[in-house]
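Raw contents of work36.tsv, TSV, C-alpha atoms and all ligand atoms:
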chain	number	residue	atom	x	y	z
A	1	MET	CA	0.00	0.00	0.00
A	2	THR	CA	1.23	3.49	-0.82
A	3	ARG	CA	2.68	5.28	2.22
A	4	ILE	CA	2.19	9.03	2.56
A	5	PHE	CA	3.80	11.52	4.92
A	6	SER	CA	3.10	15.22	5.26
A	7	GLY	CA	3.38	17.83	7.98
A	8	ILE	CA	2.42	21.27	9.11
A	9	LYS	CA	4.50	23.70	11.20
A	10	PRO	CA	2.98	25.32	14.30
A	11	THR	CA	4.46	28.71	13.39
A	12	GLY	CA	1.11	30.52	13.34
A	13	HIS	CA	-2.61	29.93	13.02
A	14	LEU	CA	-3.50	27.67	10.11
A	15	THR	CA	-4.50	29.52	6.95
A	16	LEU	CA	-6.69	29.00	3.94
A	17	GLY	CA	-3.44	28.34	2.04
A	18	ASN	CA	-2.63	25.42	4.35
A	19	TYR	CA	-6.14	24.07	3.95
A	20	LEU	CA	-6.47	24.33	0.16
A	21	GLY	CA	-2.82	23.59	-0.59
A	22	ALA	CA	-2.44	20.61	1.69
A	23	VAL	CA	-4.99	19.65	4.35
A	24	ARG	CA	-8.03	19.26	2.12
A	25	GLN	CA	-6.19	16.76	-0.03
A	26	TRP	CA	-5.10	14.84	3.08
A	27	VAL	CA	-8.70	14.65	4.27
A	28	GLU	CA	-10.59	14.04	1.04
A	29	THR	CA	-8.18	11.76	-0.76
A	30	ASP	CA	-4.96	10.74	0.94
A	31	GLN	CA	-6.25	9.17	4.14
A	32	HIS	CA	-8.65	7.00	2.12
A	33	ARG	CA	-6.27	5.71	-0.52
A	34	ALA	CA	-3.01	5.19	1.39
A	35	ASP	CA	-1.33	4.46	4.69
A	36	ALA	CA	-1.09	8.13	5.58
A	37	LEU	CA	0.88	9.81	8.37
A	38	PHE	CA	0.34	13.47	9.20
A	39	SER	CA	2.43	15.35	11.69
A	40	VAL	CA	2.44	18.65	13.52
A	41	VAL	CA	6.13	19.26	12.91
A	42	ASP	CA	6.86	21.32	15.99
A	43	LEU	CA	10.66	21.03	15.85
A	44	HIS	CA	10.53	23.04	12.62
A	45	ALA	CA	8.85	25.88	14.49
A	46	LEU	CA	12.04	26.36	16.55
A	47	THR	CA	14.13	27.38	13.53
A	48	VAL	CA	13.12	31.04	13.88
A	49	ASP	CA	12.58	33.30	16.87
A	50	HIS	CA	9.79	31.66	18.89
A	51	ASP	CA	7.81	31.91	22.09
A	52	PRO	CA	7.77	28.47	23.85
A	53	ALA	CA	4.24	28.82	25.24
A	54	ARG	CA	2.93	29.91	21.83
A	55	VAL	CA	4.50	26.96	20.00
A	56	ARG	CA	2.94	24.58	22.52
A	57	ARG	CA	-0.46	26.26	22.14
A	58	LEU	CA	-0.27	26.32	18.34
A	59	SER	CA	0.77	22.66	18.20
A	60	ARG	CA	-2.37	21.64	20.06
A	61	GLN	CA	-4.47	23.99	17.98
A	62	ALA	CA	-3.04	22.61	14.72
A	63	ALA	CA	-3.76	19.02	15.76
A	64	THR	CA	-7.30	19.98	16.79
A	65	LEU	CA	-7.87	21.80	13.50
A	66	LEU	CA	-6.62	18.84	11.47
A	67	LEU	CA	-9.15	16.63	13.24
A	68	ALA	CA	-11.82	19.29	12.75
A	69	ALA	CA	-10.98	19.42	9.05
A	70	GLY	CA	-11.73	15.72	8.83
A	71	LEU	CA	-8.60	13.69	9.50
A	72	ASP	CA	-9.92	10.45	10.95
A	73	PRO	CA	-7.66	8.57	13.40
A	74	ALA	CA	-9.30	5.34	12.27
A	75	LEU	CA	-7.97	5.97	8.75
A	76	CYS	CA	-4.66	7.77	9.28
A	77	THR	CA	-1.92	8.43	11.84
A	78	LEU	CA	-1.77	11.91	13.37
A	79	PHE	CA	1.08	12.77	15.72
A	80	VAL	CA	3.43	15.47	16.97
A	81	GLN	CA	6.94	15.28	15.52
A	82	SER	CA	8.81	15.84	18.81
A	83	HIS	CA	7.00	12.85	20.35
A	84	VAL	CA	8.92	10.53	18.02
A	85	ASP	CA	12.71	10.59	18.57
A	86	GLU	CA	13.43	8.81	15.29
A	87	HIS	CA	13.15	12.12	13.38
A	88	THR	CA	16.13	13.73	15.11
A	89	ARG	CA	18.10	10.47	15.20
A	90	LEU	CA	17.82	10.16	11.43
A	91	SER	CA	18.32	13.84	10.78
A	92	TYR	CA	21.93	13.65	12.01
A	93	LEU	CA	22.75	10.82	9.62
A	94	LEU	CA	21.29	12.85	6.76
A	95	GLU	CA	23.36	15.88	7.81
A	96	CYS	CA	26.31	13.59	7.25
A	97	THR	CA	24.96	12.89	3.76
A	98	ALA	CA	24.11	16.47	2.68
A	99	SER	CA	26.52	19.27	1.80
A	100	ASP	CA	26.37	22.80	3.17
A	101	GLY	CA	26.26	24.14	-0.42
A	102	GLU	CA	23.02	22.38	-1.21
A	103	MET	CA	21.48	23.67	2.02
A	104	ARG	CA	22.44	27.26	1.21
A	105	ARG	CA	20.79	26.94	-2.21
A	106	MET	CA	17.35	26.32	-0.71
A	107	ILE	CA	15.05	29.20	-1.66
A	108	GLN	CA	13.26	29.24	1.70
A	109	TYR	CA	16.59	29.44	3.53
A	110	LYS	CA	17.69	32.36	1.38
A	111	GLU	CA	14.40	34.21	1.93
A	112	LYS	CA	14.04	33.51	5.63
A	113	SER	CA	17.66	34.12	6.56
A	114	ALA	CA	17.52	37.46	4.68
A	115	ARG	CA	14.35	38.33	6.62
A	116	GLU	CA	15.94	37.43	9.97
A	117	LYS	CA	19.04	39.49	9.18
A	118	ALA	CA	16.97	42.45	7.98
A	119	ALA	CA	15.11	42.38	11.30
A	120	GLY	CA	18.46	42.58	13.09
A	121	GLY	CA	18.34	38.99	14.37
A	122	SER	CA	20.80	36.16	13.96
A	123	VAL	CA	20.08	33.13	11.77
A	124	ARG	CA	19.70	29.89	13.68
A	125	LEU	CA	21.79	26.99	12.43
A	126	SER	CA	18.60	24.91	12.45
A	127	LEU	CA	17.14	27.17	9.75
A	128	LEU	CA	19.94	26.02	7.46
A	129	THR	CA	19.52	22.35	8.36
A	130	TYR	CA	15.71	22.45	8.43
A	131	PRO	CA	15.32	20.70	5.03
A	132	VAL	CA	17.44	17.82	6.35
A	133	LEU	CA	15.10	17.32	9.29
A	134	MET	CA	12.23	17.45	6.83
A	135	ALA	CA	13.96	14.77	4.76
A	136	ALA	CA	14.25	12.67	7.92
A	137	ASP	CA	10.52	13.17	8.61
A	138	ILE	CA	9.74	11.67	5.23
A	139	LEU	CA	12.41	8.99	4.88
A	140	ALA	CA	11.92	7.55	8.37
A	141	TYR	CA	8.53	6.26	7.26
A	142	GLY	CA	9.51	4.99	3.83
A	143	ALA	CA	6.97	7.40	2.37
A	144	ASP	CA	6.26	7.01	-1.35
A	145	GLU	CA	4.40	10.29	-1.66
A	146	VAL	CA	4.54	13.69	0.02
A	147	PRO	CA	1.48	15.85	-0.64
A	148	VAL	CA	2.57	19.50	-0.33
A	149	GLY	CA	1.92	22.97	-1.70
A	150	ASP	CA	4.48	24.00	-4.29
A	151	ASP	CA	6.53	26.08	-1.80
A	152	GLN	CA	7.79	22.76	-0.41
A	153	ALA	CA	8.57	21.08	-3.74
A	154	GLN	CA	12.27	22.01	-3.60
A	155	HIS	CA	12.63	20.41	-0.16
A	156	VAL	CA	11.06	17.18	-1.39
A	157	GLU	CA	13.50	17.25	-4.33
A	158	LEU	CA	16.36	17.50	-1.81
A	159	THR	CA	14.88	14.60	0.14
A	160	ARG	CA	14.98	12.49	-3.02
A	161	ASP	CA	18.62	13.43	-3.65
A	162	LEU	CA	19.60	12.50	-0.08
A	163	ALA	CA	17.76	9.17	-0.26
A	164	VAL	CA	19.42	8.24	-3.55
A	165	ARG	CA	22.87	9.32	-2.30
A	166	PHE	CA	22.54	7.42	0.98
A	167	ASN	CA	21.33	4.29	-0.84
A	168	GLN	CA	24.21	4.46	-3.31
A	169	ARG	CA	26.85	4.95	-0.62
A	170	TYR	CA	25.61	2.61	2.08
A	171	GLY	CA	23.20	0.19	0.45
A	172	GLN	CA	19.47	0.25	-0.20
A	173	THR	CA	17.87	1.78	2.91
A	174	PHE	CA	15.33	4.44	1.92
A	175	THR	CA	12.33	4.62	-0.37
A	176	VAL	CA	12.75	7.56	-2.77
A	177	PRO	CA	9.59	9.68	-2.33
A	178	ARG	CA	7.89	12.08	-4.71
A	179	ALA	CA	6.01	15.34	-4.13
A	180	VAL	CA	2.32	15.41	-5.03
A	181	LEU	CA	0.92	18.89	-5.67
A	182	PRO	CA	-2.79	19.75	-5.69
A	183	GLN	CA	-4.39	20.47	-9.09
A	184	VAL	CA	-5.72	23.85	-7.99
A	185	ALA	CA	-4.56	26.15	-5.17
A	186	ALA	CA	-1.06	24.71	-5.04
A	187	ARG	CA	-0.07	28.24	-4.06
A	188	VAL	CA	-2.67	30.49	-2.46
A	189	MET	CA	-1.37	34.04	-2.50
A	190	ASP	CA	-1.63	36.75	0.13
A	191	LEU	CA	-4.75	38.86	-0.48
A	192	GLN	CA	-2.81	42.09	0.10
A	193	ASP	CA	0.26	41.02	-1.85
A	194	PRO	CA	-0.77	38.52	-4.52
A	195	THR	CA	2.81	38.03	-5.63
A	196	SER	CA	3.74	36.38	-2.34
A	197	LYS	CA	2.39	33.22	-0.71
A	198	MET	CA	-0.23	33.34	2.03
A	199	GLY	CA	2.02	32.18	4.88
A	200	LYS	CA	0.88	31.66	8.45
A	201	SER	CA	4.00	33.16	10.03
A	202	HIS	CA	3.83	36.47	8.16
A	203	ALA	CA	3.61	39.54	10.38
A	204	GLU	CA	1.14	41.50	8.22
A	205	THR	CA	-2.14	39.63	8.65
A	206	SER	CA	-4.71	41.62	6.67
A	207	GLY	CA	-4.12	39.53	3.53
A	208	ILE	CA	-4.25	36.18	5.33
A	209	VAL	CA	-7.45	34.22	5.91
A	210	TYR	CA	-7.08	32.06	9.01
A	211	LEU	CA	-9.22	28.96	9.34
A	212	LEU	CA	-10.58	30.24	12.64
A	213	ASP	CA	-11.37	33.78	11.43
A	214	GLU	CA	-14.98	34.81	12.14
A	215	PRO	CA	-17.14	34.95	8.98
A	216	ASP	CA	-17.30	38.75	9.00
A	217	VAL	CA	-13.50	38.93	9.25
A	218	VAL	CA	-13.17	36.54	6.28
A	219	ARG	CA	-15.61	38.68	4.26
A	220	ARG	CA	-13.75	41.87	5.11
A	221	LYS	CA	-10.37	40.42	4.14
A	222	VAL	CA	-11.65	39.08	0.82
A	223	MET	CA	-13.60	42.24	-0.05
A	224	ARG	CA	-10.47	44.32	0.64
A	225	ALA	CA	-8.21	42.06	-1.43
A	226	VAL	CA	-5.84	43.95	-3.69
A	227	THR	CA	-6.96	43.72	-7.31
A	228	ASP	CA	-5.21	44.79	-10.48
A	229	SER	CA	-5.44	47.80	-12.77
A	230	GLY	CA	-8.25	47.73	-15.32
A	231	SER	CA	-11.62	46.18	-14.60
A	232	GLU	CA	-11.69	43.06	-16.73
A	233	VAL	CA	-11.86	39.70	-14.94
A	234	VAL	CA	-9.18	37.62	-16.64
A	235	TYR	CA	-7.42	34.47	-15.46
A	236	ASP	CA	-3.76	35.42	-15.99
A	237	ARG	CA	-1.26	35.11	-13.13
A	238	GLU	CA	1.32	37.37	-14.77
A	239	ALA	CA	-0.92	40.23	-15.85
A	240	LYS	CA	-3.59	39.96	-13.14
A	241	PRO	CA	-2.16	38.28	-10.03
A	242	GLY	CA	-4.81	39.64	-7.63
A	243	VAL	CA	-7.81	38.66	-9.74
A	244	THR	CA	-6.23	35.32	-10.59
A	245	ASN	CA	-5.73	34.55	-6.90
A	246	LEU	CA	-9.43	35.27	-6.23
A	247	LEU	CA	-10.48	33.12	-9.19
A	248	GLU	CA	-8.32	30.26	-7.95
A	249	LEU	CA	-9.78	30.59	-4.46
A	250	LEU	CA	-13.32	30.55	-5.81
A	251	ALA	CA	-12.46	27.62	-8.09
A	252	ALA	CA	-10.93	25.66	-5.22
A	253	CYS	CA	-13.98	26.31	-3.02
A	254	THR	CA	-16.53	25.41	-5.70
A	255	ASP	CA	-14.67	22.70	-7.66
A	256	LYS	CA	-14.88	24.73	-10.85
A	257	ASP	CA	-12.32	25.74	-13.43
A	258	PRO	CA	-10.82	29.21	-12.73
A	259	GLY	CA	-10.62	30.12	-16.44
A	260	GLU	CA	-14.28	29.25	-16.98
A	261	LEU	CA	-15.29	31.15	-13.84
A	262	ALA	CA	-13.57	34.29	-15.17
A	263	ALA	CA	-15.90	34.33	-18.18
A	264	GLY	CA	-18.90	34.72	-15.87
A	265	TYR	CA	-17.76	38.01	-14.26
A	266	THR	CA	-17.80	41.55	-15.54
A	267	SER	CA	-16.70	43.27	-12.30
A	268	TYR	CA	-14.21	42.71	-9.50
A	269	GLY	CA	-16.88	43.44	-6.88
A	270	ALA	CA	-19.09	40.51	-7.85
A	271	LEU	CA	-16.09	38.17	-7.96
A	272	LYS	CA	-15.00	39.27	-4.49
A	273	LYS	CA	-18.48	38.83	-3.06
A	274	ASP	CA	-18.88	35.31	-4.44
A	275	THR	CA	-15.37	34.38	-3.31
A	276	ALA	CA	-16.03	35.68	0.22
A	277	ASP	CA	-19.30	33.73	0.42
A	278	ALA	CA	-17.64	30.56	-0.87
A	279	VAL	CA	-14.76	30.79	1.61
A	280	VAL	CA	-17.12	31.41	4.54
A	281	GLU	CA	-19.19	28.36	3.58
A	282	LEU	CA	-16.10	26.22	3.10
A	283	LEU	CA	-14.82	27.05	6.58
A	284	ARG	CA	-18.13	26.92	8.46
A	285	PRO	CA	-18.21	23.15	9.28
A	286	LEU	CA	-14.54	23.18	10.19
A	287	ARG	CA	-15.01	26.02	12.68
A	288	GLU	CA	-18.01	24.26	14.23
A	289	ARG	CA	-16.21	20.95	14.63
A	290	HIS	CA	-13.16	22.74	16.07
A	291	ALA	CA	-15.33	24.28	18.81
A	292	GLU	CA	-16.69	20.79	19.68
A	293	LEU	CA	-13.21	19.27	19.84
A	294	CYS	CA	-11.90	22.09	22.06
A	295	ALA	CA	-14.45	20.95	24.63
A	296	ASP	CA	-12.84	17.49	24.64
A	297	PRO	CA	-9.05	17.92	25.01
A	298	ALA	CA	-8.67	14.37	26.37
A	299	TYR	CA	-9.83	13.02	23.01
A	300	VAL	CA	-7.20	15.05	21.13
A	301	ASP	CA	-4.48	13.93	23.60
A	302	GLY	CA	-5.50	10.31	23.10
A	303	VAL	CA	-5.32	10.60	19.31
A	304	LEU	CA	-1.83	12.13	19.50
A	305	ARG	CA	-0.59	9.53	22.00
A	306	GLU	CA	-1.77	6.64	19.86
A	307	GLY	CA	-0.47	8.36	16.71
A	308	ALA	CA	3.03	8.75	18.20
A	309	ARG	CA	3.03	5.12	19.32
A	310	ARG	CA	2.26	3.90	15.81
A	311	ALA	CA	4.68	6.37	14.20
A	312	ARG	CA	7.52	5.17	16.45
A	313	GLU	CA	6.74	1.58	15.60
A	314	LEU	CA	6.90	2.34	11.86
A	315	ALA	CA	9.99	4.56	11.90
A	316	ARG	CA	12.26	2.59	14.22
A	317	PRO	CA	13.21	-0.30	11.87
A	318	THR	CA	14.17	2.08	9.02
A	319	VAL	CA	16.16	4.39	11.27
A	320	ASP	CA	17.91	1.43	12.95
A	321	ALA	CA	18.77	0.07	9.49
A	322	ALA	CA	20.23	3.47	8.51
A	323	TYR	CA	22.41	3.47	11.69
A	324	ARG	CA	23.77	0.07	10.79
A	325	ALA	CA	24.26	0.90	7.10
A	326	ILE	CA	26.24	4.10	7.77
A	327	GLY	CA	28.71	2.27	9.99
A	328	LEU	CA	27.59	2.73	13.59
A	329	LEU	CA	28.13	-0.11	16.01
A	330	PRO	CA	24.82	-1.51	17.22
A	331	ALA	CA	24.20	-1.22	20.97
A	332	GLY	CA	24.74	-4.62	22.62
A	401	LIG	N1	-0.20	29.69	0.54
A	401	LIG	C1	-0.18	28.39	0.39
A	401	LIG	N2	-0.74	27.80	-0.69
A	401	LIG	C2	-0.74	26.47	-0.85
A	401	LIG	N3	-0.19	25.61	0.04
A	401	LIG	C3	0.38	26.13	1.13
A	401	LIG	N4	0.98	25.57	2.18
A	401	LIG	C4	1.39	26.55	3.03
A	401	LIG	N5	1.04	27.76	2.55
A	401	LIG	C5	0.42	27.53	1.37
A	401	LIG	C6	1.15	24.15	2.37
A	401	LIG	O1	0.68	23.81	3.68
A	401	LIG	C7	1.49	22.77	4.22
A	401	LIG	C8	2.01	23.15	5.57
A	401	LIG	O2	2.68	24.37	5.46
A	401	LIG	P1	3.83	24.85	6.43
A	401	LIG	O3	3.37	24.75	7.81
A	401	LIG	O4	5.08	24.13	6.10
A	401	LIG	O5	4.09	26.33	5.90
A	401	LIG	P2	3.37	27.73	6.04
A	401	LIG	O6	1.94	27.63	6.40
A	401	LIG	O7	3.71	28.48	4.84
A	401	LIG	O8	4.02	28.33	7.35
A	401	LIG	P3	5.11	29.40	7.50
A	401	LIG	O9	5.70	29.25	8.86
A	401	LIG	O10	4.58	30.76	7.12
A	401	LIG	O11	6.10	28.86	6.46
A	401	LIG	P4	7.12	29.50	5.57
A	401	LIG	O12	7.46	30.84	6.15
A	401	LIG	O13	8.19	28.47	5.68
A	401	LIG	O14	6.55	29.56	4.20
A	401	LIG	C9	2.62	22.53	3.23
A	401	LIG	O15	2.28	21.42	2.43
A	401	LIG	C10	2.63	23.77	2.39
A	401	LIG	O16	3.10	23.52	1.08
What would you get if you wrote out this structure as structure tokens?
Amino acid sequence: MTRIFSGIKPTGHLTLGNYLGAVRQWVETDQHRADALFSVVDLHALTVDHDPARVRRLSRQAATLLLAAGLDPALCTLFVQSHVDEHTRLSYLLECTASDGEMRRMIQYKEKSAREKAAGGSVRLSLLTYPVLMAADILAYGADEVPVGDDQAQHVELTRDLAVRFNQRYGQTFTVPRAVLPQVAARVMDLQDPTSKMGKSHAETSGIVYLLDEPDVVRRKVMRAVTDSGSEVVYDREAKPGVTNLLELLAACTDKDPGELAAGYTSYGALKKDTADAVVELLRPLRERHAELCADPAYVDGVLREGARRARELARPTVDAAYRAIGLLPAG
């Protein structure tokens, strides 16, 4: 059976980008067709300046939202990354397989380290090695597929390179995974800056729709979305990034084709209104289920405990095999 791994970082409140670019596919397709593991990858949230209490709170909130979105513990494995030591054990071996040059070439590293420096901060070493830990997350489980938004495609490519290199040097140990991108909404853009991704850790929040935003807040954010010069509704990412983002959002919410939707609009206002309505309706059941789950924290804890137990059981043989293959003496 196909094995799938994917994760989400507790670096902020989950966004519509996370949902459309990743989580919806996990819920609607992946957990039904494969042995799927989904993780709140909390160690990755420590790669930039962080508040310990906030990371803890956001980790729980992310797990609760994933369940609210429809992940079913009877169908998939949901766990918190730091509850399974195999990730960090394997990460070190992969650091011994990767080169610093390939880490420095990662686009996210370049962007985030520049941001940290511009803000006067120092760049954590873990920000540089973050893609290696992500590779460990994936390879520990022998995942065949990694469903992600396209911002993560380069990291999955690196994961493939590391798996192939390790296998060639030390013998067949890892499955070589592949990224699976959603057909629509692979990259939901910020409503105030449609040339940059809607990211949950961004400081300016007016262009970001959070899954737990109240309906009137969602409407306001969508109605105030930046649009492009002219008034024609055209699906063209280069010429009309703002309008195209709205069309893709509406298409993703309604399962329609964004190009065909464009033909039905003669004004930006009508497109915004329909998009706002569609997003509010999409998020309504998720918000309701989230409120129910918040009233039952013991259930969420139980899911995460059982998820970590199963994850450990799956990862340990592969990570132990990697320790042996690379030349480490087994403990007696
Ligand atoms: N805007 C997006 N459009 C489509 N997919 C997206 N994803 C994230 N943003 C979008 C996908 O959601 C999954 C989990 O994302 P993440 O937690 O790794 O990244 P993030 O939400 O983008 O959080 P940050 O902290 O703001 O990340 P950075 O700054 O690293 O971009 C992934 O599958 C991702 O592709």
Which residue, A:Asp213, A:Asp257, A:Asp42, A:Asp151, has the smallest gap to ligand LIG 401 (chain A) when you use only C-alpha atoms and all ligand atoms?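 Closest residue, counting only C-alpha atoms and all ligand atoms: A:Asp151.
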Give the residues close to ligand LIG 401 (chain A), within 7 Å, counting only C-alpha atoms and all ligand atoms; write them as a PyMOL selection string. chain A and resi 6-12+14-15+17-22+108+147-152+185-189+197-202
Give me, please, the distance in Å between CA of Tyr141 in chain A and CA of Thr97 in chain A, quoted to one decimal.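 Rounded to one decimal, the two atoms are 18.1 Å apart.
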Can you tell me which residues surround range 58-74 of chain A at a distance of at most 9 Å, considering all atoms listed in the file, apart from same-chain residues fewer than 6 positions away, and format the answer as a PyMOL selection string? chain A and resi 8-14+19+23-24+26-28+31+38-42+80+211-212+283+285-294+297+300-301+303-304+306-307
Closest atom pairs, residues of range 124-241 of chain A within 8 Å of range 316-322 of chain A, all atoms listed in the file, as CSV:
residue,atom,partner,partner_atom,distance
A:Ala140,CA,A:Thr318,CA,6.0
A:Tyr141,CA,A:Thr318,CA,7.2
A:Gly142,CA,A:Thr318,CA,7.6
A:Thr173,CA,A:Ala322,CA,6.3
A:Phe174,CA,A:Thr318,CA,7.6
Restricting it to C-alpha atoms, dump the selection as an mmCIF file, in the frame of the given file.
data_model
loop_
_atom_site.group_PDB
_atom_site.id
_atom_site.type_symbol
_atom_site.label_atom_id
_atom_site.label_comp_id
_atom_site.auth_asym_id
_atom_site.auth_seq_id
_atom_site.Cartn_x
_atom_site.Cartn_y
_atom_site.Cartn_z
ATOM 1 C CA ALA A 140 11.920 7.550 8.370
ATOM 2 C CA TYR A 141 8.530 6.260 7.260
ATOM 3 C CA GLY A 142 9.510 4.990 3.830
ATOM 4 C CA THR A 173 17.870 1.780 2.910
ATOM 5 C CA PHE A 174 15.330 4.440 1.920
#
Can you tell me how far CA of Gly121 in chain A sits from CA of Gly101 in chain A, in Å to one decimal?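 These two atoms are separated by 22.4 Å.
Considering the residues A:Thr47, A:Glu232, A:Leu250, A:Thr244 and counting all atoms listed in the file, Tyr265 in chain A has its shortest atom-to-atom contact with A:Glu232.
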Point-to-point distance from CA of Ala36 in chain A to CA of Leu75 in chain A, Å rounded to tenths: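 These two atoms are separated by 7.9 Å.
Using only C-alpha atoms, the nearest neighbour of Arg237 in chain A within the list A:Pro215, A:Pro194, A:Gly269, A:Gly302 is A:Pro194.
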Which polymer residues, protein or nucleic acid, are no farther than 12 Å from (-12.7, 39.5, -0.6), counting all atoms listed in the file, as a PyMOL selection string? chain A and resi 190-192+206-209+215-227+242-243+245-247+249-250+268-280
Looking at A:Tyr109, A:Arg89, A:Ser82, A:Leu16, which one is nearest to Val48 in chain A, with distances taken over all atoms listed in the file? A:Tyr109
Distance criterion (all atoms listed in the file): nearest to Thr88 in chain A out of A:Ala295, A:Leu139, A:Ala203, A:Ala251: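 Nearest candidate to Thr88 in chain A out of A:Ala295, A:Leu139, A:Ala203, A:Ala251: A:Leu139.
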